>>> print(open('data_29.txt').read())   # compact mmCIF, C-alpha atoms
# COMPACT_ATOMS: atom_id res chain seq x y z
CA MET N 1 -25.57 0.37 -38.78
CA PHE N 2 -23.86 -1.43 -35.86
CA ARG N 3 -21.10 -3.86 -36.65
CA PRO N 4 -19.74 -6.55 -34.31
CA VAL N 5 -16.58 -5.49 -32.48
CA SER N 6 -13.61 -7.47 -33.76
CA ALA N 7 -11.31 -9.34 -31.35
CA PRO N 8 -8.38 -6.84 -31.55
CA ASP N 9 -10.79 -3.93 -30.85
CA ARG N 10 -12.18 -5.73 -27.82
CA SER N 11 -8.69 -6.45 -26.51
CA MET N 12 -7.63 -2.78 -26.94
CA ASP N 13 -10.79 -1.69 -25.17
CA SER N 14 -10.05 -4.08 -22.30
CA ALA N 15 -6.43 -2.88 -21.96
CA GLU N 16 -7.59 0.75 -21.91
CA ARG N 17 -10.27 -0.06 -19.30
CA ILE N 18 -7.68 -1.80 -17.08
CA ARG N 19 -5.27 1.18 -17.42
CA LEU N 20 -8.03 3.65 -16.42
CA LYS N 21 -9.21 1.51 -13.48
CA THR N 22 -5.61 1.10 -12.34
CA ARG N 23 -5.02 4.89 -12.39
CA ILE N 24 -8.23 5.62 -10.43
CA PHE N 25 -7.52 2.98 -7.78
CA THR N 26 -3.84 3.99 -7.51
CA VAL N 27 -4.94 7.56 -6.62
CA ILE N 28 -7.43 6.24 -4.01
CA VAL N 29 -4.79 3.88 -2.51
CA VAL N 30 -2.12 6.62 -2.32
CA LEU N 31 -4.37 9.37 -0.86
CA SER N 32 -6.14 7.13 1.68
CA ASN N 33 -2.78 5.75 2.90
CA ALA N 34 -0.97 9.11 3.22
CA LEU N 35 -3.98 10.90 4.82
CA GLY N 36 -4.68 7.87 7.06
CA ASN N 37 -1.09 7.88 8.36
CA LEU N 38 -1.22 11.66 8.89
CA PHE N 39 -4.48 11.61 10.90
CA LEU N 40 -3.30 8.57 12.87
CA THR N 41 -0.06 10.31 13.88
CA LEU N 42 -1.77 13.67 14.60
CA GLY N 43 -4.45 11.90 16.64
CA LEU N 44 -1.98 9.80 18.67
CA LYS N 45 0.13 12.89 19.45
CA ARG N 46 -2.98 14.86 20.59
CA TRP N 47 -4.47 11.86 22.46
CA GLY N 48 -1.36 11.89 24.61
CA GLY N 49 -1.94 8.48 26.20
CA GLU N 50 0.61 5.66 26.37
CA LEU N 51 0.19 2.71 23.97
CA ALA N 52 0.97 -0.34 26.11
CA LEU N 53 1.12 -3.98 24.97
CA SER N 54 -2.47 -4.40 26.16
CA PRO N 55 -5.01 -4.21 23.30
CA PHE N 56 -7.29 -2.03 25.49
CA SER N 57 -4.98 0.98 25.12
CA TYR N 58 -5.30 0.71 21.31
CA VAL N 59 -9.12 0.50 21.60
CA ARG N 60 -9.12 3.62 23.83
CA ALA N 61 -6.90 5.47 21.31
CA ILE N 62 -9.23 4.59 18.39
CA PHE N 63 -12.05 6.55 20.11
CA HIS N 64 -10.08 9.80 19.63
CA PRO N 65 -11.77 11.45 16.57
CA LEU N 66 -8.54 11.98 14.61
CA VAL N 67 -7.26 8.45 15.34
CA GLY N 68 -10.69 7.08 14.33
CA LEU N 69 -10.60 9.07 11.05
CA GLY N 70 -7.07 7.75 10.40
CA VAL N 71 -8.23 4.17 11.01
CA LEU N 72 -11.25 4.62 8.68
CA LEU N 73 -8.98 5.97 5.91
CA LEU N 74 -6.60 3.03 6.41
CA VAL N 75 -9.56 0.60 6.10
CA LEU N 76 -10.42 2.34 2.79
CA TRP N 77 -6.73 1.93 1.82
CA LEU N 78 -6.87 -1.82 2.59
CA LEU N 79 -10.08 -2.40 0.58
CA SER N 80 -9.02 -0.29 -2.43
CA ARG N 81 -5.59 -1.99 -2.50
CA MET N 82 -7.22 -5.45 -2.36
CA THR N 83 -9.41 -4.42 -5.30
CA LEU N 84 -6.36 -3.17 -7.25
CA LEU N 85 -4.52 -6.44 -6.53
CA SER N 86 -7.43 -8.41 -8.03
CA TRP N 87 -6.12 -7.46 -11.51
CA ALA N 88 -2.67 -5.89 -11.03
CA ASP N 89 0.69 -7.52 -10.15
CA LEU N 90 2.05 -7.01 -6.62
CA SER N 91 5.43 -6.05 -8.16
CA TYR N 92 3.57 -3.31 -10.14
CA VAL N 93 1.35 -2.05 -7.29
CA LEU N 94 4.16 -1.66 -4.71
CA PRO N 95 6.36 0.84 -6.62
CA VAL N 96 3.53 2.85 -8.24
CA THR N 97 1.85 3.42 -4.87
CA ALA N 98 5.22 4.46 -3.34
CA VAL N 99 4.36 8.10 -4.11
CA GLY N 100 2.53 7.79 -0.76
CA TYR N 101 5.95 7.95 0.96
CA VAL N 102 6.61 11.31 -0.69
CA LEU N 103 3.17 12.59 0.36
CA SER N 104 3.77 11.36 3.94
CA ALA N 105 7.08 13.27 4.06
CA LEU N 106 5.36 16.42 2.73
CA PHE N 107 2.45 16.08 5.19
CA GLY N 108 4.97 15.54 8.02
CA HIS N 109 6.68 18.79 6.96
CA TRP N 110 3.48 20.84 6.56
CA PHE N 111 1.43 19.61 9.50
CA LEU N 112 3.87 18.05 12.00
CA ASP N 113 6.82 20.49 11.65
CA GLU N 114 9.18 17.72 10.51
CA GLN N 115 12.24 18.78 8.46
CA ILE N 116 12.74 17.97 4.75
CA THR N 117 16.47 18.13 3.99
CA THR N 118 18.16 18.17 0.56
CA GLN N 119 18.78 14.44 1.01
CA ARG N 120 15.05 13.84 1.47
CA TRP N 121 14.31 15.81 -1.70
CA ALA N 122 16.86 13.59 -3.53
CA GLY N 123 15.04 10.53 -2.16
CA THR N 124 11.76 11.96 -3.43
CA LEU N 125 13.23 12.38 -6.95
CA LEU N 126 14.48 8.75 -6.97
CA ILE N 127 11.04 7.49 -5.91
CA VAL N 128 9.32 9.50 -8.64
CA ALA N 129 11.83 8.16 -11.23
CA GLY N 130 11.20 4.59 -10.01
CA ILE N 131 7.44 5.07 -10.29
CA ALA N 132 7.83 6.46 -13.84
CA LEU N 133 9.81 3.33 -14.87
CA VAL N 134 7.40 0.80 -13.32
CA GLY N 135 4.39 2.74 -14.62
CA ARG N 136 5.58 1.95 -18.18
CA THR N 137 5.42 -1.83 -17.61
CA ALA N 138 2.38 -4.09 -18.03
CA VAL N 139 -0.13 -3.93 -15.15
CA ARG N 140 -0.47 -7.73 -15.12
CA THR N 141 1.97 -10.45 -16.23
CA THR N 142 0.24 -13.58 -14.90
CA GLU N 143 -2.93 -15.41 -15.98
CA MET H 1 12.66 -1.08 20.61
CA THR H 2 12.34 1.13 17.48
CA TRP H 3 14.15 -1.33 15.17
CA LEU H 4 12.30 -4.30 16.69
CA LEU H 5 9.03 -2.58 15.77
CA VAL H 6 10.38 -1.82 12.26
CA ALA H 7 11.27 -5.55 11.83
CA LEU H 8 7.79 -6.58 13.03
CA VAL H 9 6.08 -4.12 10.65
CA VAL H 10 8.23 -5.22 7.66
CA GLY H 11 7.88 -9.00 8.33
CA CYS H 12 4.11 -8.86 8.77
CA THR H 13 3.68 -6.49 5.79
CA VAL H 14 5.61 -8.85 3.46
CA LEU H 15 3.62 -11.93 4.54
CA GLY H 16 0.31 -10.02 4.50
CA ASP H 17 0.90 -8.56 1.01
CA LEU H 18 2.00 -11.87 -0.53
CA LEU H 19 -1.01 -13.79 0.82
CA GLN H 20 -3.36 -10.94 -0.12
CA SER H 21 -2.05 -10.78 -3.69
CA LEU H 22 -2.20 -14.59 -4.02
CA GLU H 23 -5.87 -14.74 -2.96
CA MET H 24 -6.93 -11.68 -4.98
CA LYS H 25 -5.33 -13.20 -8.11
CA ARG H 26 -7.25 -16.43 -7.44
CA HIS H 27 -10.49 -14.48 -6.93
CA GLY H 28 -10.07 -12.67 -10.26
CA GLU H 29 -10.63 -9.12 -11.45
CA ILE H 30 -13.29 -7.16 -9.57
CA ARG H 31 -15.53 -5.49 -12.16
CA ASP H 32 -18.88 -5.08 -10.44
CA PHE H 33 -18.90 -2.04 -8.12
CA ALA H 34 -22.67 -1.92 -7.53
CA PRO H 35 -23.69 -2.49 -3.85
CA SER H 36 -24.98 -6.00 -4.65
CA GLY H 37 -21.76 -6.83 -6.49
CA ILE H 38 -19.61 -5.55 -3.60
CA ARG H 39 -21.66 -7.67 -1.13
CA ARG H 40 -21.13 -10.72 -3.35
CA HIS H 41 -17.37 -10.11 -3.53
CA ILE H 42 -17.10 -9.62 0.25
CA ALA H 43 -19.03 -12.87 0.86
CA ALA H 44 -16.77 -14.77 -1.55
CA LEU H 45 -13.56 -13.26 -0.14
CA ALA H 46 -14.55 -13.80 3.52
CA SER H 47 -14.25 -17.58 3.06
CA ARG H 48 -10.67 -17.48 1.72
CA LYS H 49 -8.33 -18.72 4.47
CA PHE H 50 -5.14 -17.12 3.18
CA LEU H 51 -6.91 -13.78 2.86
CA ILE H 52 -8.06 -13.98 6.51
CA LEU H 53 -4.47 -14.84 7.49
CA ALA H 54 -3.23 -11.90 5.37
CA VAL H 55 -5.60 -9.51 7.20
CA CYS H 56 -4.29 -10.88 10.56
CA PHE H 57 -0.68 -10.18 9.50
CA MET H 58 -1.71 -6.69 8.34
CA ALA H 59 -3.48 -6.06 11.67
CA VAL H 60 -0.28 -6.98 13.60
CA SER H 61 1.70 -4.78 11.21
CA PHE H 62 -0.81 -1.93 11.74
CA PHE H 63 -0.69 -2.07 15.57
CA ALA H 64 3.12 -2.32 15.53
CA PHE H 65 3.13 0.72 13.20
CA MET H 66 0.80 2.61 15.59
CA LYS H 67 3.29 1.96 18.40
CA LEU H 68 6.21 2.91 16.12
CA VAL H 69 4.81 6.38 15.30
CA THR H 70 4.54 7.13 19.02
CA VAL H 71 8.30 6.48 19.52
CA ALA H 72 9.59 7.85 16.17
CA ASP H 73 8.86 10.62 13.62
CA LEU H 74 6.32 9.83 10.89
CA SER H 75 8.96 10.79 8.30
CA PHE H 76 11.23 8.08 9.76
CA ALA H 77 8.56 5.46 10.44
CA VAL H 78 7.01 5.37 6.97
CA PRO H 79 10.24 5.13 4.93
CA ALA H 80 11.97 2.76 7.39
CA THR H 81 9.19 0.24 6.94
CA ALA H 82 9.59 0.45 3.15
CA ALA H 83 12.46 -2.07 3.12
CA SER H 84 9.65 -4.44 2.16
CA VAL H 85 9.50 -3.10 -1.45
CA VAL H 86 12.55 -5.01 -2.77
CA LEU H 87 11.89 -8.07 -0.59
CA GLU H 88 8.32 -8.28 -1.87
CA THR H 89 9.41 -7.81 -5.51
CA ILE H 90 11.78 -10.80 -5.13
CA LEU H 91 9.04 -12.91 -3.52
CA ALA H 92 6.46 -11.78 -6.14
CA LYS H 93 8.75 -13.30 -8.79
CA ILE H 94 9.48 -16.52 -6.85
CA VAL H 95 6.14 -17.22 -5.14
CA LEU H 96 3.55 -15.44 -7.33
CA LYS H 97 5.43 -16.18 -10.61
CA GLU H 98 5.12 -12.56 -11.80
CA ARG H 99 7.30 -11.56 -14.77
CA VAL H 100 9.55 -8.92 -13.23
CA THR H 101 11.25 -7.20 -16.20
CA GLY H 102 14.49 -5.19 -16.04
CA MET H 103 12.48 -1.96 -16.04
CA ARG H 104 10.42 -3.16 -13.08
CA TRP H 105 13.57 -4.19 -11.14
CA ALA H 106 15.15 -0.80 -11.89
CA GLY H 107 12.00 0.99 -10.73
CA ALA H 108 11.74 -1.05 -7.51
CA CYS H 109 15.44 -0.43 -6.71
CA LEU H 110 15.11 3.33 -7.37
CA VAL H 111 12.07 3.44 -5.07
CA ALA H 112 13.96 1.50 -2.35
CA PHE H 113 17.02 3.82 -2.59
CA GLY H 114 14.75 6.85 -2.57
CA VAL H 115 12.93 5.59 0.51
CA ALA H 116 16.29 4.93 2.25
CA LEU H 117 17.31 8.55 1.55
CA LEU H 118 13.97 9.80 2.89
CA ALA H 119 14.62 7.87 6.13
CA GLN H 120 17.91 9.72 6.90
>>> encode(input="data_29.txt", output="C-alpha cells")
Amino acid sequence: MFRPVSAPDRSMDSAERIRLKTRIFTVIVVLSNALGNLFLTLGLKRWGGELALSPFSYVRAIFHPLVGLGVLLLVLWLLSRMTLLSWADLSYVLPVTAVGYVLSALFGHWFLDEQITTQRWAGTLLIVAGIALVGRTAVRTTE
Amino acid sequence: MTWLLVALVVGCTVLGDLLQSLEMKRHGEIRDFAPSGIRRHIAALASRKFLILAVCFMAVSFFAFMKLVTVADLSFAVPATAASVVLETILAKIVLKERVTGMRWAGACLVAFGVALLAQ
C-alpha cells in the first residue's frame, strides 16, 4: 500500500537531490574548465601565430583544431556553471570548483613540461583543504 | 603587459560572475534537462539583460586570458587570475546577500592562499 510522503521526507529527498546534482555538475564544471584551458594553451602554442588586438587574429586561431576543442569545452564549462549557479551560492561554487586550478597545474606539468615545485604542492594542499571546508557548508543560503 | 592582462581578466571575471549568479538565482533552479526543457530555459535566459552583460564581460575576460596564456605559462596564468575568489566572496555577501559562514570564509581564504602559492 502506498502512503503519502510526509513533509520532512520530501524535504530530505529534495536536499539529497540537490547534493547529488551539485556533485555531478561540479565534476562537469571542473573537468571542462581544466581540459578547455589545456587544449586552448596547447593549440595556441602549436598554432604559432601572433594574437594581435584585432579580433580577426582570434577568429583565425579558433580554426586550429585544438584551439577549437578548447573553446568548445569552455562553452560547456560556461553552460554547466550557469546551471549550477541556478541553485547554488556563488560563494559555494567558487571554492569547490577551485580544484580546477590543481588540475591545470598537473596538466601543465604532464603535457606542457611546466615545473611543479614543493611550494606548488603546498598550494595544492591548501586548495584541497579549502574545498573540504566549503564542501561541508549548505549549497544555498538565499531564497 | 602581463599584469594589465591579469587585471582585465580578474575585473571582467568578477563582474561577469556576479551578474551571472544574480540572474541565475532570479531564474530559479534548473530541473528539466530534456531537450525541450533546455530550449525553454535558453529562450527564457536569452531575454535577461544582466545575463547578456555577464556573457559580454566573460567574453572580454576569455579573450584577455587567451592573450595572457601566449605571454605567460598556463601554471602562472590560471592561478594569477584567481585573485577573484576572495573578492567575489565579499561581493557575494554584500550584493547577492549570501550567508557566508566562518567555515566558508576559511575555505575561500585557504583556496586563495593555495592559489597564490601555485602562482610562484
>>> closest_atom_pairs(input="data_29.txt", of="chain N", to="chain H", cutoff="9 Å", atoms="all atoms listed in the file", output="Markdown table")
| residue | atom | partner | partner_atom | distance |
| --- | --- | --- | --- | --- |
| N:Asn37 | CA | H:Leu74 | CA | 8.1 |
| N:Leu38 | CA | H:Leu74 | CA | 8.0 |
| N:Leu40 | CA | H:Met66 | CA | 7.7 |
| N:Thr41 | CA | H:Val69 | CA | 6.4 |
| N:Leu44 | CA | H:Thr70 | CA | 7.1 |
| N:Lys45 | CA | H:Thr70 | CA | 7.3 |
| N:Glu50 | CA | H:Thr70 | CA | 8.5 |
| N:Leu51 | CA | H:Lys67 | CA | 6.4 |
| N:Ala52 | CA | H:Lys67 | CA | 8.4 |
| N:Tyr58 | CA | H:Phe63 | CA | 7.9 |
| N:Met82 | CA | H:Met24 | CA | 6.8 |
| N:Thr83 | CA | H:Ile30 | CA | 6.4 |
| N:Leu84 | CA | H:Ile30 | CA | 8.3 |
| N:Leu85 | CA | H:Ser21 | CA | 5.7 |
| N:Ser86 | CA | H:Met24 | CA | 4.5 |
| N:Trp87 | CA | H:Glu29 | CA | 4.8 |
| N:Ala88 | CA | H:Lys25 | CA | 8.3 |
| N:Asp89 | CA | H:Glu98 | CA | 6.9 |
| N:Leu90 | CA | H:Ser21 | CA | 6.3 |
| N:Ser91 | CA | H:Thr89 | CA | 5.1 |
| N:Tyr92 | CA | H:Arg104 | CA | 7.5 |
| N:Leu94 | CA | H:Val85 | CA | 6.4 |
| N:Pro95 | CA | H:Ala108 | CA | 5.8 |
| N:Ala98 | CA | H:Val111 | CA | 7.1 |
| N:Tyr101 | CA | H:Pro79 | CA | 6.5 |
| N:Val102 | CA | H:Leu118 | CA | 8.3 |
| N:Ser104 | CA | H:Ser75 | CA | 6.8 |
| N:Ala105 | CA | H:Ser75 | CA | 5.3 |
| N:Leu106 | CA | H:Ser75 | CA | 8.7 |
| N:Phe107 | CA | H:Ser75 | CA | 8.9 |
| N:Gly108 | CA | H:Ser75 | CA | 6.2 |
| N:His109 | CA | H:Ser75 | CA | 8.4 |
| N:Leu112 | CA | H:Leu74 | CA | 8.6 |
| N:Glu114 | CA | H:Ser75 | CA | 7.3 |
| N:Gln115 | CA | H:Ser75 | CA | 8.6 |
| N:Ile116 | CA | H:Leu118 | CA | 8.5 |
| N:Thr117 | CA | H:Leu118 | CA | 8.8 |
| N:Gln119 | CA | H:Leu117 | CA | 6.1 |
| N:Arg120 | CA | H:Leu118 | CA | 4.4 |
| N:Trp121 | CA | H:Leu118 | CA | 7.6 |
| N:Ala122 | CA | H:Gly114 | CA | 7.1 |
| N:Gly123 | CA | H:Gly114 | CA | 3.7 |
| N:Thr124 | CA | H:Gly114 | CA | 6.0 |
| N:Leu125 | CA | H:Gly114 | CA | 7.2 |
| N:Leu126 | CA | H:Gly114 | CA | 4.8 |
| N:Ile127 | CA | H:Val111 | CA | 4.3 |
| N:Val128 | CA | H:Val111 | CA | 7.6 |
| N:Ala129 | CA | H:Leu110 | CA | 7.0 |
| N:Gly130 | CA | H:Gly107 | CA | 3.8 |
| N:Ile131 | CA | H:Gly107 | CA | 6.1 |
| N:Ala132 | CA | H:Gly107 | CA | 7.5 |
| N:Leu133 | CA | H:Gly107 | CA | 5.2 |
| N:Val134 | CA | H:Arg104 | CA | 5.0 |
| N:Gly135 | CA | H:Arg104 | CA | 8.6 |
| N:Arg136 | CA | H:Met103 | CA | 8.2 |
| N:Thr137 | CA | H:Arg104 | CA | 6.9 |
| N:Arg140 | CA | H:Glu98 | CA | 8.1 |
| N:Thr141 | CA | H:Arg99 | CA | 5.6 |
| N:Thr142 | CA | H:Glu98 | CA | 5.9 |
| N:Glu143 | CA | H:Lys25 | CA | 8.5 |
>>> atom_distance(input="data_29.txt", atom1="atom CA of H:Val10", atom2="atom CA of N:Val93")
16.8 Å
>>> atom_distance(input="data_29.txt", atom1="atom CA of H:Gly16", atom2="atom CA of H:Lys49")
12.3 Å
>>> atom_distance(input="data_29.txt", atom1="atom CA of N:Leu73", atom2="atom CA of H:Arg48")
23.9 Å
>>> build_atoms(input="data_29.txt", residues="stretch 32-46 of chain H", atoms="N, CA and C atoms", output="PDB file, in the frame of the given file")
ATOM      1  N   ASP H  32     -17.553  -5.542 -10.823  1.00  0.00           N
ATOM      2  CA  ASP H  32     -18.880  -5.080 -10.440  1.00  0.00           C
ATOM      3  C   ASP H  32     -18.791  -4.243  -9.158  1.00  0.00           C
ATOM      4  N   PHE H  33     -19.014  -2.921  -9.276  1.00  0.00           N
ATOM      5  CA  PHE H  33     -18.900  -2.040  -8.120  1.00  0.00           C
ATOM      6  C   PHE H  33     -20.267  -1.567  -7.599  1.00  0.00           C
ATOM      7  N   ALA H  34     -21.335  -2.215  -8.072  1.00  0.00           N
ATOM      8  CA  ALA H  34     -22.670  -1.920  -7.530  1.00  0.00           C
ATOM      9  C   ALA H  34     -22.746  -2.523  -6.124  1.00  0.00           C
ATOM     10  N   PRO H  35     -23.627  -1.961  -5.229  1.00  0.00           N
ATOM     11  CA  PRO H  35     -23.690  -2.490  -3.850  1.00  0.00           C
ATOM     12  C   PRO H  35     -23.881  -4.008  -3.808  1.00  0.00           C
ATOM     13  N   SER H  36     -24.751  -4.545  -4.677  1.00  0.00           N
ATOM     14  CA  SER H  36     -24.980  -6.000  -4.650  1.00  0.00           C
ATOM     15  C   SER H  36     -23.714  -6.754  -5.060  1.00  0.00           C
ATOM     16  N   GLY H  37     -22.998  -6.203  -6.035  1.00  0.00           N
ATOM     17  CA  GLY H  37     -21.760  -6.830  -6.490  1.00  0.00           C
ATOM     18  C   GLY H  37     -20.702  -6.806  -5.396  1.00  0.00           C
ATOM     19  N   ILE H  38     -20.605  -5.677  -4.684  1.00  0.00           N
ATOM     20  CA  ILE H  38     -19.610  -5.550  -3.600  1.00  0.00           C
ATOM     21  C   ILE H  38     -19.936  -6.560  -2.495  1.00  0.00           C
ATOM     22  N   ARG H  39     -21.260  -6.701  -2.167  1.00  0.00           N
ATOM     23  CA  ARG H  39     -21.660  -7.670  -1.130  1.00  0.00           C
ATOM     24  C   ARG H  39     -21.252  -9.078  -1.553  1.00  0.00           C
ATOM     25  N   ARG H  40     -21.465  -9.392  -2.841  1.00  0.00           N
ATOM     26  CA  ARG H  40     -21.130 -10.720  -3.350  1.00  0.00           C
ATOM     27  C   ARG H  40     -19.621 -10.980  -3.254  1.00  0.00           C
ATOM     28  N   HIS H  41     -18.831  -9.968  -3.605  1.00  0.00           N
ATOM     29  CA  HIS H  41     -17.370 -10.110  -3.530  1.00  0.00           C
ATOM     30  C   HIS H  41     -16.925 -10.313  -2.089  1.00  0.00           C
ATOM     31  N   ILE H  42     -17.498  -9.512  -1.162  1.00  0.00           N
ATOM     32  CA  ILE H  42     -17.100  -9.620   0.250  1.00  0.00           C
ATOM     33  C   ILE H  42     -17.424 -11.011   0.774  1.00  0.00           C
ATOM     34  N   ALA H  43     -18.627 -11.532   0.406  1.00  0.00           N
ATOM     35  CA  ALA H  43     -19.030 -12.870   0.860  1.00  0.00           C
ATOM     36  C   ALA H  43     -18.066 -13.931   0.318  1.00  0.00           C
ATOM     37  N   ALA H  44     -17.680 -13.786  -0.950  1.00  0.00           N
ATOM     38  CA  ALA H  44     -16.770 -14.770  -1.550  1.00  0.00           C
ATOM     39  C   ALA H  44     -15.375 -14.674  -0.929  1.00  0.00           C
ATOM     40  N   LEU H  45     -14.921 -13.445  -0.662  1.00  0.00           N
ATOM     41  CA  LEU H  45     -13.560 -13.260  -0.140  1.00  0.00           C
ATOM     42  C   LEU H  45     -13.450 -13.650   1.331  1.00  0.00           C
ATOM     43  N   ALA H  46     -14.581 -13.513   2.079  1.00  0.00           N
ATOM     44  CA  ALA H  46     -14.550 -13.800   3.520  1.00  0.00           C
ATOM     45  C   ALA H  46     -14.275 -15.271   3.815  1.00  0.00           C
TER      46      ALA H  46
END
